[in-house]
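> Got a structure for you, questions after.
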Amino acid sequence: MGFVRLEEFRERPERDIKKVVCVMPAYNAELTIEKTLRSIPAGSVHEFILVDDCSKDRTVEVARSLGISVIPHETNKGYGGNQKTCYDAALAAGADVVVMIHPDYQYDGRITPAVVSLLKTGTVDVILGSRIRSRRETLEGGMPKYKYISNRALTIFENMMLGQNAGDLHTGFRAYAREVLETINYHANSDDFVFDSEFLAQSVYHRFRIGDVPIPTRYFDEASSINFRRSLKYGLETVKVMFKYKLAQWGLSKSSLFKDSARPSGSGGV
Ligand SMILES: Nc1nc2c(ncn2[C@@H]2O[C@H](COP(=O)(O)OP(=O)(O)O)[C@@H](O)[C@H]2O)c(=O)[nH]1
Ligand SMILES: [Mg+2]
């Protein structure tokens with residue numbers, strides 16, 4: 001009793017993954033794009049798309065010289081606005097799986113093929129690269145103490161609100177099956193950093209299965225630019241999103257965040 005019947009497992013077939021697209025939401029990343037790109041094992045990604053959010057440095061030129069697709073924003077839209085362009089472009093390119101990685105060489109891209117394999121099994125829909133396996137490893141990796149403490153507190157609170165058990169809900173390495181991006185109404189999200197928290201609440205609301213895998217990370221100047229004030233704003237906004245999720249889950253309100261996407265499935269979303 002209470003066990004999942006074998007037939008139910010069989011109802012979740014393997015995903016047919018023909019195309020893996022890696023998107024990179026970039027802002028002032030000229031020094032780290034190439035290293036990030038090279039950290040991803042050859043052959044595990046079919047197309048790279050970098051969206052530049054009107055960087056002040058040579059991000060666009062460097063990315064073009066590496067031969068990847070580049071979409072420049074004419075004005076600075078913010079981190080969430082950048083991801084909207086990333087996902088629209090990945091869907092339009094026919095991605096079956098989309099891997100999002102910050103191009104700041106903070107996240108070890110070597111886990112990419114393993115993450116794609118996991119999505120291929122059909123046992124998970126959203127994968128988060130977790131920077132937090134143990135306190136010692138994370139702090140030795142250079143995560144500032146205040147970021148570690150606020151990440152832990154916020155992640156624990158979000159896990160409780162969302163009924164999840166993920167290690168790091170604020171990571172810059174994520175992977176999604178196509179249907180996640182087709183279902184979630186991410187154009188209703190913020191253009192700022194809280195986009196990420198909204199996206200997770202939406203994933204849970206739509207009953208996508210979230211899993212995490214450990215990812216080694218490095219902290220150095222170029223890999224971490226967000227200051228305390230912006231982190232605080234992000235934290236407070238994330239708390240607000242969790243309450244919006246609860247209200248929607250209880251049927252007391254339905255914010256546009258939790259509406260289905262109007263995008264037709266199976267076609268590009270641009
Ligand atoms: N689009 C956009 N991205 C930004 C902006 N500021 C920072 N980012 C990106 O947001 C991501 C996370 O920022 P980061 O400073 O690395 O945060 P941390 O690694 O968590 O300390 C990085 O990929 C940055 O390039 C911005 O104004 N616009
Ligand atoms: Mg970073």
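Each chain in the structure tokens gets a letter, A, B and so on, in the order shown; residues start at 1 in every chain, and ligands are counted from 1 in the order they appear.
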Run DSSP on the backbone and tell me which residues of region 32-160 of chain A come out as strand (DSSP E or B); list them as a list in words.
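DSSP-assigned strand (DSSP E or B) residues in region 32-160 of chain A: Glu47, Phe48, Ile49, Leu50, Val51, Asp52, Ser69, Val70, Ile71, Pro72, Val97, Val98, Val99, Met100, Ile101, Tyr107, Val126, Ile127, Leu128, Gly129 and Ser130 of chain A.
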> Excluding same-chain residues fewer than 4 positions from region 119-132 of chain A, what lies within 7 Å of it counting only C-alpha atoms, as a list in words?
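Within the cut-off, the hits are Arg12, Pro13, Glu14, Arg15, Asp16, Ile17, Val115, Thr138, Gly167, Asp168, Thr171, Phe173, Arg174, Ala175, Tyr176, Ala177, Phe208, Arg209, Ile210, Gly211, Asp212, Val213, Pro214, Ile215, Pro216 and Thr217 of chain A.
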> Once you have the residues from the selection above, write them out as a PDB file, in the first residue's frame, restricted to C-alpha atoms.

```pdb
ATOM      1  CA  ARG A  12       6.608   7.990 -17.727  1.00  0.00           C
ATOM      2  CA  PRO A  13       8.561   7.208 -20.851  1.00  0.00           C
ATOM      3  CA  GLU A  14      12.084   8.261 -21.634  1.00  0.00           C
ATOM      4  CA  ARG A  15      12.356  11.658 -23.217  1.00  0.00           C
ATOM      5  CA  ASP A  16      13.354  11.775 -26.814  1.00  0.00           C
ATOM      6  CA  ILE A  17      16.105  14.390 -26.742  1.00  0.00           C
ATOM      7  CA  VAL A 115      22.067  16.472 -16.271  1.00  0.00           C
ATOM      8  CA  THR A 138      30.581  25.998   0.117  1.00  0.00           C
ATOM      9  CA  GLY A 167      19.543  22.147  -1.727  1.00  0.00           C
ATOM     10  CA  ASP A 168      19.938  25.507  -3.448  1.00  0.00           C
ATOM     11  CA  THR A 171      21.544  28.700  -8.358  1.00  0.00           C
ATOM     12  CA  PHE A 173      22.808  26.462 -13.269  1.00  0.00           C
ATOM     13  CA  ARG A 174      19.410  25.061 -14.208  1.00  0.00           C
ATOM     14  CA  ALA A 175      18.071  22.693 -16.830  1.00  0.00           C
ATOM     15  CA  TYR A 176      14.539  22.258 -18.096  1.00  0.00           C
ATOM     16  CA  ALA A 177      12.619  19.900 -20.299  1.00  0.00           C
ATOM     17  CA  PHE A 208       6.773  19.599 -12.605  1.00  0.00           C
ATOM     18  CA  ARG A 209       9.267  17.424 -10.763  1.00  0.00           C
ATOM     19  CA  ILE A 210      12.325  19.267  -9.489  1.00  0.00           C
ATOM     20  CA  GLY A 211      15.595  17.501  -8.751  1.00  0.00           C
ATOM     21  CA  ASP A 212      19.017  18.731  -7.814  1.00  0.00           C
ATOM     22  CA  VAL A 213      22.546  17.671  -8.512  1.00  0.00           C
ATOM     23  CA  PRO A 214      25.682  18.956  -6.790  1.00  0.00           C
ATOM     24  CA  ILE A 215      27.739  21.435  -8.792  1.00  0.00           C
ATOM     25  CA  PRO A 216      31.161  22.678  -7.754  1.00  0.00           C
ATOM     26  CA  THR A 217      31.344  26.481  -7.811  1.00  0.00           C
TER      27      THR A 217
END
```
> Enumerate, as a PDB file with C-alpha atoms, in the first residue's frame, the complete set of residues in region 144-200 of chain A that a backbone-based DSSP assignment places in helix (DSSP H, G or I).

```pdb
ATOM      1  CA  LYS A 145      29.172  34.106   4.666  1.00  0.00           C
ATOM      2  CA  TYR A 146      26.180  36.446   4.464  1.00  0.00           C
ATOM      3  CA  LYS A 147      25.187  34.924   1.101  1.00  0.00           C
ATOM      4  CA  TYR A 148      25.525  31.427   2.550  1.00  0.00           C
ATOM      5  CA  ILE A 149      23.357  32.210   5.577  1.00  0.00           C
ATOM      6  CA  SER A 150      20.684  34.048   3.596  1.00  0.00           C
ATOM      7  CA  ASN A 151      20.665  31.337   0.909  1.00  0.00           C
ATOM      8  CA  ARG A 152      20.145  28.626   3.545  1.00  0.00           C
ATOM      9  CA  ALA A 153      17.399  30.545   5.347  1.00  0.00           C
ATOM     10  CA  LEU A 154      15.593  31.447   2.138  1.00  0.00           C
ATOM     11  CA  THR A 155      15.957  27.961   0.630  1.00  0.00           C
ATOM     12  CA  ILE A 156      14.575  26.309   3.793  1.00  0.00           C
ATOM     13  CA  PHE A 157      11.617  28.717   3.839  1.00  0.00           C
ATOM     14  CA  GLU A 158      10.898  28.174   0.134  1.00  0.00           C
ATOM     15  CA  ASN A 159      11.155  24.395   0.508  1.00  0.00           C
ATOM     16  CA  MET A 160       8.553  24.575   3.272  1.00  0.00           C
ATOM     17  CA  MET A 161       6.228  26.810   1.285  1.00  0.00           C
ATOM     18  CA  LEU A 162       6.611  24.825  -1.940  1.00  0.00           C
ATOM     19  CA  ARG A 178      10.924  21.717 -23.173  1.00  0.00           C
ATOM     20  CA  GLU A 179       7.418  21.210 -21.803  1.00  0.00           C
ATOM     21  CA  VAL A 180       8.303  23.187 -18.672  1.00  0.00           C
ATOM     22  CA  LEU A 181       9.119  26.253 -20.735  1.00  0.00           C
ATOM     23  CA  GLU A 182       6.071  25.707 -22.924  1.00  0.00           C
ATOM     24  CA  THR A 183       3.736  25.497 -19.952  1.00  0.00           C
ATOM     25  CA  TYR A 186       7.276  33.182 -17.775  1.00  0.00           C
ATOM     26  CA  HIS A 187       6.507  36.340 -19.707  1.00  0.00           C
ATOM     27  CA  ALA A 188       4.373  37.385 -16.710  1.00  0.00           C
ATOM     28  CA  PHE A 195      12.295  35.909 -11.987  1.00  0.00           C
ATOM     29  CA  ASP A 196      14.091  32.786 -10.730  1.00  0.00           C
ATOM     30  CA  SER A 197      11.922  32.420  -7.617  1.00  0.00           C
ATOM     31  CA  GLU A 198       8.774  32.991  -9.637  1.00  0.00           C
ATOM     32  CA  PHE A 199       9.865  30.333 -12.102  1.00  0.00           C
ATOM     33  CA  LEU A 200      10.355  27.761  -9.340  1.00  0.00           C
TER      34      LEU A 200
END
```
> Kindly compile the residues surrounding ligand 1 within 8 Å, counting only C-alpha atoms and all ligand atoms, and format them as a ChimeraX atom specification.
/A:24-29,52-54,76-83,101-104,106,143,147,170-172,192-193,219,222-227
> Please dump the current selection as a CSV table (one decimal), in the first residue's frame; keep N, CA and C atoms.

```
chain,number,residue,atom,x,y,z
A,24,MET,N,22.9,31.3,-22.2
A,24,MET,CA,23.7,32.1,-21.2
A,24,MET,C,23.2,33.5,-21.1
A,25,PRO,N,22.6,33.9,-20.0
A,25,PRO,CA,22.2,35.2,-19.8
A,25,PRO,C,23.4,36.1,-19.4
A,26,ALA,N,23.9,36.9,-20.2
A,26,ALA,CA,25.1,37.6,-19.9
A,26,ALA,C,25.0,39.1,-19.6
A,27,TYR,N,25.9,39.5,-18.7
A,27,TYR,CA,26.0,40.9,-18.4
A,27,TYR,C,27.5,41.1,-18.0
A,28,ASN,N,28.2,41.9,-18.8
A,28,ASN,CA,29.6,42.1,-18.5
A,28,ASN,C,30.4,40.9,-18.3
A,29,ALA,N,30.4,40.0,-19.2
A,29,ALA,CA,31.0,38.7,-19.0
A,29,ALA,C,32.2,38.4,-20.0
A,52,ASP,N,22.9,39.1,-24.6
A,52,ASP,CA,23.7,40.1,-23.9
A,52,ASP,C,22.7,41.2,-23.5
A,53,ASP,N,22.8,41.6,-22.2
A,53,ASP,CA,21.8,42.6,-21.7
A,53,ASP,C,22.5,44.0,-21.7
A,54,CYS,N,22.9,44.3,-22.9
A,54,CYS,CA,23.5,45.7,-23.0
A,54,CYS,C,24.7,45.9,-22.1
A,76,ASN,N,19.2,47.7,-21.4
A,76,ASN,CA,19.3,46.8,-20.2
A,76,ASN,C,18.0,46.5,-19.7
A,77,LYS,N,17.6,45.2,-19.8
A,77,LYS,CA,16.3,44.8,-19.3
A,77,LYS,C,16.3,44.1,-17.9
A,78,GLY,N,17.5,43.7,-17.5
A,78,GLY,CA,17.6,43.0,-16.2
A,78,GLY,C,17.7,41.5,-16.4
A,79,TYR,N,18.0,40.9,-15.3
A,79,TYR,CA,18.4,39.4,-15.3
A,79,TYR,C,17.2,38.6,-15.7
A,80,GLY,N,16.0,38.9,-15.3
A,80,GLY,CA,14.8,38.2,-15.7
A,80,GLY,C,14.4,38.4,-17.1
A,81,GLY,N,14.5,39.7,-17.5
A,81,GLY,CA,14.3,40.1,-18.9
A,81,GLY,C,15.2,39.3,-19.9
A,82,ASN,N,16.4,39.2,-19.4
A,82,ASN,CA,17.4,38.5,-20.2
A,82,ASN,C,17.0,37.0,-20.4
A,83,GLN,N,16.6,36.4,-19.3
A,83,GLN,CA,16.2,35.0,-19.4
A,83,GLN,C,15.0,34.8,-20.3
A,101,ILE,N,23.1,28.5,-18.0
A,101,ILE,CA,24.3,28.6,-17.1
A,101,ILE,C,24.7,30.0,-17.1
A,102,HIS,N,25.0,30.6,-16.0
A,102,HIS,CA,25.6,32.0,-15.9
A,102,HIS,C,27.0,31.9,-16.6
A,103,PRO,N,27.2,32.8,-17.5
A,103,PRO,CA,28.5,32.8,-18.2
A,103,PRO,C,29.6,33.5,-17.4
A,104,ASP,N,29.6,33.3,-16.1
A,104,ASP,CA,30.6,34.0,-15.2
A,104,ASP,C,31.6,33.0,-14.7
A,106,GLN,N,31.3,30.6,-12.8
A,106,GLN,CA,31.2,30.2,-11.4
A,106,GLN,C,30.8,28.8,-11.3
A,143,MET,N,32.0,31.3,-1.2
A,143,MET,CA,30.7,32.0,-1.1
A,143,MET,C,30.7,32.9,0.2
A,147,LYS,N,26.0,35.5,2.2
A,147,LYS,CA,25.2,34.9,1.1
A,147,LYS,C,24.8,33.5,1.5
A,170,HIS,N,18.7,29.0,-5.5
A,170,HIS,CA,19.1,30.3,-6.0
A,170,HIS,C,20.3,30.2,-7.0
A,171,THR,N,20.4,29.0,-7.6
A,171,THR,CA,21.5,28.7,-8.4
A,171,THR,C,21.5,29.3,-9.8
A,172,GLY,N,22.7,29.4,-10.3
A,172,GLY,CA,22.8,29.9,-11.7
A,172,GLY,C,23.0,28.8,-12.7
A,192,ASP,N,13.5,41.3,-13.1
A,192,ASP,CA,14.6,41.4,-12.2
A,192,ASP,C,15.0,40.0,-11.7
A,193,PHE,N,15.9,39.9,-10.7
A,193,PHE,CA,16.4,38.7,-10.2
A,193,PHE,C,15.3,37.7,-9.7
A,219,TYR,N,34.1,31.2,-6.5
A,219,TYR,CA,33.8,32.7,-6.3
A,219,TYR,C,35.0,33.5,-6.5
A,222,GLU,N,34.8,38.5,-10.8
A,222,GLU,CA,33.9,38.5,-12.0
A,222,GLU,C,32.7,37.6,-11.8
A,223,ALA,N,32.8,36.6,-10.9
A,223,ALA,CA,31.7,35.6,-10.7
A,223,ALA,C,30.6,36.1,-9.8
A,224,SER,N,30.9,37.2,-9.1
A,224,SER,CA,29.9,37.6,-8.1
A,224,SER,C,29.9,39.1,-8.0
A,225,SER,N,28.8,39.7,-8.5
A,225,SER,CA,28.8,41.2,-8.6
A,225,SER,C,27.6,41.8,-7.8
A,226,ILE,N,26.7,40.9,-7.4
A,226,ILE,CA,25.5,41.4,-6.8
A,226,ILE,C,25.8,41.8,-5.3
A,227,ASN,N,25.4,43.0,-5.0
A,227,ASN,CA,25.8,43.5,-3.7
A,227,ASN,C,24.7,43.2,-2.6
```
> What separation in Å, quoted to one decimal, exists between CA of Ile111 (chain A) and CA of Gly163 (chain A)?
26.0 Å
> Between CA of Asn185 (chain A) and CA of Lys259 (chain A), measure the distance and give it in Å to one decimal.
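Calculated distance between CA of Asn185 (chain A) and CA of Lys259 (chain A) is 6.3 Å.
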> So which residues touch Lys244 (chain A) within 12 Å, counting only C-alpha atoms, skipping near sequence neighbours fewer than 6 positions away, as a list in words?
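Once the nearby chain positions are removed, what remains is Met161, Leu162, Ser197, Glu198, Ala201, Gln202, Tyr205, Glu237, Thr238, Trp250, Gly251, Leu252, Ser253, Lys254, Ser255, Ser256, Leu257 and Phe258 of chain A.
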> Using only C-alpha atoms and all ligand atoms, which of the listed residues (A:Gly142, A:Lys56, A:Asn189, A:Arg229) sits closest to ligand 2?
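Answer, going by the shortest atom-to-atom distance: A:Gly142.
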